[in-house]
$ cat query_21.tsv   # TSV, C-alpha atoms
chain	number	residue	atom	x	y	z
A	1	MET	CA	32.92	17.74	11.09
A	2	LEU	CA	36.36	16.16	11.46
A	3	LYS	CA	39.19	15.92	9.00
A	4	ASN	CA	42.50	14.18	9.47
A	5	ASP	CA	45.64	13.63	7.45
A	6	ILE	CA	44.30	10.62	5.57
A	7	ASN	CA	41.40	12.53	4.05
A	8	ALA	CA	38.68	11.21	6.32
A	9	THR	CA	35.71	13.37	7.11
A	10	PHE	CA	33.15	12.41	9.73
A	11	ILE	CA	29.75	13.19	8.26
A	12	PRO	CA	26.40	13.31	10.04
A	13	ARG	CA	24.05	10.64	8.75
A	14	THR	CA	20.38	11.48	8.61
A	15	SER	CA	17.34	9.52	7.53
A	16	ILE	CA	14.71	10.70	5.08
A	17	PHE	CA	11.21	10.31	3.71
A	18	PHE	CA	10.32	10.75	0.04
A	19	SER	CA	7.26	12.68	-1.11
A	20	LYS	CA	5.52	13.08	-4.46
A	21	ALA	CA	7.98	15.60	-5.82
A	22	PHE	CA	10.11	16.26	-2.81
A	23	LEU	CA	12.43	14.46	-0.41
A	24	PHE	CA	12.11	14.47	3.36
A	25	PHE	CA	14.65	13.35	5.88
A	26	ALA	CA	14.13	12.64	9.52
A	27	VAL	CA	16.16	10.95	12.20
A	28	ILE	CA	13.79	8.96	14.34
A	29	ALA	CA	13.56	5.33	15.36
A	30	SER	CA	11.53	2.99	13.17
A	31	VAL	CA	8.88	2.61	15.86
A	32	GLN	CA	8.42	6.38	15.91
A	33	LEU	CA	7.95	6.61	12.15
A	34	LEU	CA	4.34	5.51	12.29
A	35	ALA	CA	3.47	8.23	14.76
A	36	ALA	CA	5.44	10.82	12.81
A	37	GLN	CA	3.60	10.07	9.57
A	38	ALA	CA	0.48	11.68	11.00
A	39	GLU	CA	2.41	14.95	11.31
A	40	VAL	CA	3.72	15.01	7.72
A	41	PRO	CA	2.27	18.06	5.90
A	42	SER	CA	-0.42	17.42	3.29
A	43	GLY	CA	0.86	16.72	-0.19
A	44	PHE	CA	3.66	14.54	1.11
A	45	ILE	CA	3.85	10.78	1.38
A	46	SER	CA	6.43	8.84	3.35
A	47	VAL	CA	8.47	5.84	2.28
A	48	ARG	CA	10.80	3.53	4.17
A	49	THR	CA	13.55	5.29	6.06
A	50	GLN	CA	16.53	6.36	3.98
A	51	PHE	CA	19.68	8.22	4.96
A	52	ILE	CA	21.53	11.33	3.84
A	53	ALA	CA	25.25	11.97	4.27
A	54	ALA	CA	25.38	15.70	5.01
A	55	LEU	CA	28.75	17.44	5.23
A	56	GLY	CA	28.91	20.75	7.06
A	57	ASP	CA	29.56	22.72	10.20
A	58	PRO	CA	27.07	21.50	12.85
A	59	LYS	CA	26.25	25.13	13.70
A	60	SER	CA	25.49	26.12	10.10
A	61	ASN	CA	22.02	26.96	8.84
A	62	SER	CA	22.84	27.16	5.13
A	63	GLY	CA	25.63	26.59	2.67
A	64	ASN	CA	26.68	26.03	-0.92
A	65	ASN	CA	28.02	22.48	-0.71
A	66	ALA	CA	24.93	20.32	-1.20
A	67	ASN	CA	26.69	18.72	-4.17
A	68	ASP	CA	28.82	16.99	-1.49
A	69	TRP	CA	25.74	15.40	0.11
A	70	GLY	CA	24.70	11.85	-0.73
A	71	LEU	CA	21.85	9.43	-0.18
A	72	TRP	CA	21.70	5.89	1.15
A	73	THR	CA	18.42	4.47	-0.16
A	74	VAL	CA	18.69	1.66	2.38
A	75	ASP	CA	20.15	1.71	5.88
A	76	PRO	CA	23.87	1.05	5.32
A	77	GLY	CA	24.39	-0.17	8.89
A	78	PRO	CA	22.99	-3.69	8.62
A	79	ARG	CA	24.65	-4.05	5.20
A	80	GLY	CA	28.08	-3.07	6.50
A	81	VAL	CA	31.20	-5.08	7.31
A	82	MET	CA	33.03	-4.68	10.62
A	83	LEU	CA	36.66	-3.62	10.48
A	84	SER	CA	37.56	-6.91	12.14
A	85	ASP	CA	36.13	-8.70	9.07
A	86	TYR	CA	38.10	-6.66	6.52
A	87	GLU	CA	40.33	-9.63	5.65
A	88	SER	CA	37.26	-11.64	4.64
A	89	LEU	CA	36.07	-8.69	2.56
A	90	GLN	CA	39.42	-8.69	0.73
A	91	GLU	CA	39.27	-12.45	0.19
A	92	SER	CA	35.89	-12.06	-1.49
A	93	GLY	CA	37.33	-9.58	-3.98
A	94	GLY	CA	35.78	-6.66	-2.11
A	95	LYS	CA	32.24	-8.02	-2.41
A	96	ALA	CA	30.30	-7.57	0.85
A	97	PRO	CA	27.75	-10.19	1.97
A	98	ALA	CA	24.99	-7.63	1.20
A	99	GLY	CA	26.17	-7.42	-2.43
A	100	TRP	CA	27.89	-4.03	-2.58
A	101	THR	CA	31.55	-3.68	-3.64
A	102	PHE	CA	34.27	-2.11	-1.51
A	103	ASP	CA	36.48	0.52	-3.19
A	104	GLU	CA	39.83	0.95	-1.43
A	105	ASN	CA	40.25	4.39	-3.04
A	106	ASP	CA	36.95	5.79	-1.74
A	107	TRP	CA	35.36	4.08	1.23
A	108	TRP	CA	33.07	4.85	4.17
A	109	LEU	CA	33.45	4.00	7.85
A	110	GLU	CA	30.78	4.42	10.51
A	111	GLU	CA	31.86	5.61	13.95
A	112	HIS	CA	31.44	2.14	15.50
A	113	GLY	CA	34.00	0.60	13.12
A	114	LEU	CA	31.60	-0.52	10.39
A	115	ILE	CA	32.73	-0.30	6.75
A	116	MET	CA	29.73	0.84	4.73
A	117	GLU	CA	28.71	1.00	1.11
A	118	PRO	CA	28.92	4.52	-0.34
A	119	PRO	CA	25.85	6.71	-0.63
A	120	GLN	CA	24.58	7.77	-4.04
A	121	PHE	CA	25.64	11.21	-5.26
A	122	PRO	CA	24.32	13.81	-5.70
A	123	LEU	CA	21.35	14.38	-3.43
A	124	SER	CA	18.46	15.61	-5.58
A	125	PRO	CA	17.27	19.22	-5.37
A	126	GLY	CA	13.97	19.79	-3.59
A	127	ARG	CA	12.42	20.36	-0.18
A	128	TYR	CA	12.92	18.00	2.74
A	129	LEU	CA	11.11	17.79	6.07
A	130	VAL	CA	13.93	17.19	8.54
A	131	THR	CA	14.42	16.33	12.18
A	132	GLY	CA	17.13	14.91	14.39
A	133	GLY	CA	14.49	12.99	16.32
A	134	ARG	CA	14.88	15.28	19.30
A	135	SER	CA	13.07	18.63	19.43
A	136	VAL	CA	13.43	20.31	16.02
A	137	THR	CA	11.48	19.55	12.85
A	138	THR	CA	11.94	21.93	9.92
A	139	VAL	CA	12.27	22.19	6.15
A	140	LEU	CA	15.54	21.79	4.26
A	141	THR	CA	15.73	23.21	0.75
A	142	ILE	CA	18.33	21.86	-1.67
A	143	GLY	CA	18.93	24.17	-4.64
A	144	LEU	CA	19.68	23.51	-8.28
A	145	LYS	CA	23.27	23.56	-9.49
A	146	ASP	CA	24.58	27.06	-10.11
A	147	PRO	CA	25.44	27.19	-13.84
A	148	LYS	CA	28.54	29.33	-13.22
A	149	THR	CA	30.08	27.70	-10.15
A	150	GLY	CA	28.51	24.24	-10.14
A	151	ALA	CA	27.68	24.69	-6.43
A	152	ARG	CA	24.32	23.67	-4.99
A	153	SER	CA	22.86	25.57	-2.06
A	154	TRP	CA	21.09	24.23	1.01
A	155	LYS	CA	19.12	26.06	3.68
A	156	LEU	CA	17.23	25.10	6.83
A	157	ASP	CA	14.07	26.99	7.83
A	158	ASP	CA	13.23	28.24	11.33
A	159	GLU	CA	16.86	29.16	12.12
A	160	ALA	CA	17.57	25.45	12.66
A	161	GLU	CA	21.17	24.26	12.55
A	162	LEU	CA	22.61	21.15	10.92
A	163	TYR	CA	23.23	19.73	14.40
A	164	ASP	CA	19.48	19.88	15.14
A	165	ILE	CA	18.65	17.49	12.31
A	166	THR	CA	21.63	15.14	12.72
A	167	HIS	CA	21.24	11.54	13.90
A	168	LEU	CA	23.92	11.83	16.57
A	169	PRO	CA	25.06	8.22	17.08
A	170	CYS	CA	25.78	7.47	13.41
A	171	ARG	CA	28.51	9.75	12.15
A	172	SER	CA	30.42	8.40	9.17
A	173	ALA	CA	33.81	9.09	7.63
A	174	ARG	CA	34.71	9.04	3.96
A	175	TYR	CA	38.26	7.89	3.27
A	176	THR	CA	39.96	8.85	0.00
A	177	PRO	CA	43.59	7.80	0.51
A	178	LYS	CA	46.30	8.95	-1.86
A	179	LYS	CA	47.46	6.29	-4.29
A	180	GLY	CA	49.81	3.88	-2.56
A	181	ASP	CA	49.11	5.33	0.91
A	182	ILE	CA	48.33	2.31	3.07
A	183	SER	CA	47.64	4.48	6.12
A	184	GLY	CA	44.18	5.12	4.67
A	185	SER	CA	43.35	1.40	4.43
A	186	PRO	CA	41.01	-0.52	6.76
A	187	ALA	CA	43.93	-2.93	7.22
A	188	THR	CA	45.79	-0.29	9.24
A	189	ALA	CA	42.83	0.89	11.33
A	190	LYS	CA	42.96	0.16	15.06
A	191	THR	CA	39.72	-1.47	16.16
A	192	SER	CA	40.47	-0.23	19.68
A	193	ASN	CA	39.76	3.32	18.43
A	194	PHE	CA	36.09	2.44	17.97
A	195	PRO	CA	33.51	3.50	18.78
A	196	VAL	CA	34.67	7.08	18.22
A	197	THR	CA	34.12	9.32	21.23
A	198	PRO	CA	31.19	11.71	20.61
A	199	GLY	CA	32.49	15.15	19.75
A	200	ALA	CA	35.90	13.83	18.63

$ encode --input "query_21.tsv" --output "structure tokens"
Amino acid sequence: MLKNDINATFIPRTSIFFSKAFLFFAVIASVQLLAAQAEVPSGFISVRTQFIAALGDPKSNSGNNANDWGLWTVDPGPRGVMLSDYESLQESGGKAPAGWTFDENDWWLEEHGLIMEPPQFPLSPGRYLVTGGRSVTTVLTIGLKDPKTGARSWKLDDEAELYDITHLPCRSARYTPKKGDISGSPATAKTSNFPVTPGA
């Protein structure tokens, strides 16, 4: 997780499967999805790949900030706009070719310099089958909102860490610039800074 002085946070992006009453997320290539479906536990059904924005320490196994996690119901990558095309996005009144609307006060940037539509908040409570597409597959449980604090818990089974279920090449940053602060605008971003170095 990275934070800088213009309120940007790089967030791991993970993909998911839905089930009858639960959500699953997995980070595997589309070609691998068909093979993976055979390993989904009984009682669950898969749907097209979706993505979760999960904010947290990569080494963490649990937390109380699931209310900060969101869901992209479609892959935001192909629907994004490159930083180099930001002027065109402005000229269209902030309307992207894919139909979503850019908000200069709350916007998302993928580590390759792609402006993306925001995910939907909050991520629903339930159980998720998760994997980073490498060696770990486990269950993530998202709790209900605590009536006193408003926090929502999350926990990974099998001592897995958030890093284990993160799709490594697709970190994203959420920018929430202060009013009138142009340093948090895509117009001031240096395209030469992308792609972001892994681990930065």

$ residues_near_point --input "query_21.tsv" --point "(18.0, 22.6, 4.0)" --cutoff "9 Å" --atoms "all atoms listed in the file" --output "list in words"
Asn61, Ser62, Gly63, Ala66, Arg127, Tyr128, Leu129, Val130, Thr138, Val139, Leu140, Thr141, Ile142, Gly143, Ser153, Trp154, Lys155, Leu156, Asp157 and Leu162 of chain A

$ residues_around --input "query_21.tsv" --residues "Lys179 (chain A)" --least-positions-apart "2" --cutoff "8 Å" --atoms "all atoms listed in the file" --output "list in words"
Asn105, Pro177 and Asp181 of chain A

$ closest_residue --input "query_21.tsv" --among "A:Leu123, A:Ala187, A:Leu83, A:Ile182" --to "Glu110 (chain A)" --atoms "only C-alpha atoms"
A:Leu83

$ closest_residue --input "query_21.tsv" --among "A:Gly93, A:Pro119, A:Pro76, A:Pro147" --to "Arg174 (chain A)" --atoms "all atoms listed in the file"
A:Pro119

$ residues_around --input "query_21.tsv" --residues "Thr101 (chain A)" --least-positions-apart "6" --cutoff "12 Å" --atoms "only C-alpha atoms" --output "number ranges by chain"
A: 79-81, 89-90, 92-95, 107-108, 115-118

$ closest_residue --input "query_21.tsv" --among "A:Thr176, A:Glu91, A:Glu104, A:Pro122" --to "Ala151 (chain A)" --atoms "all atoms listed in the file"
A:Pro122
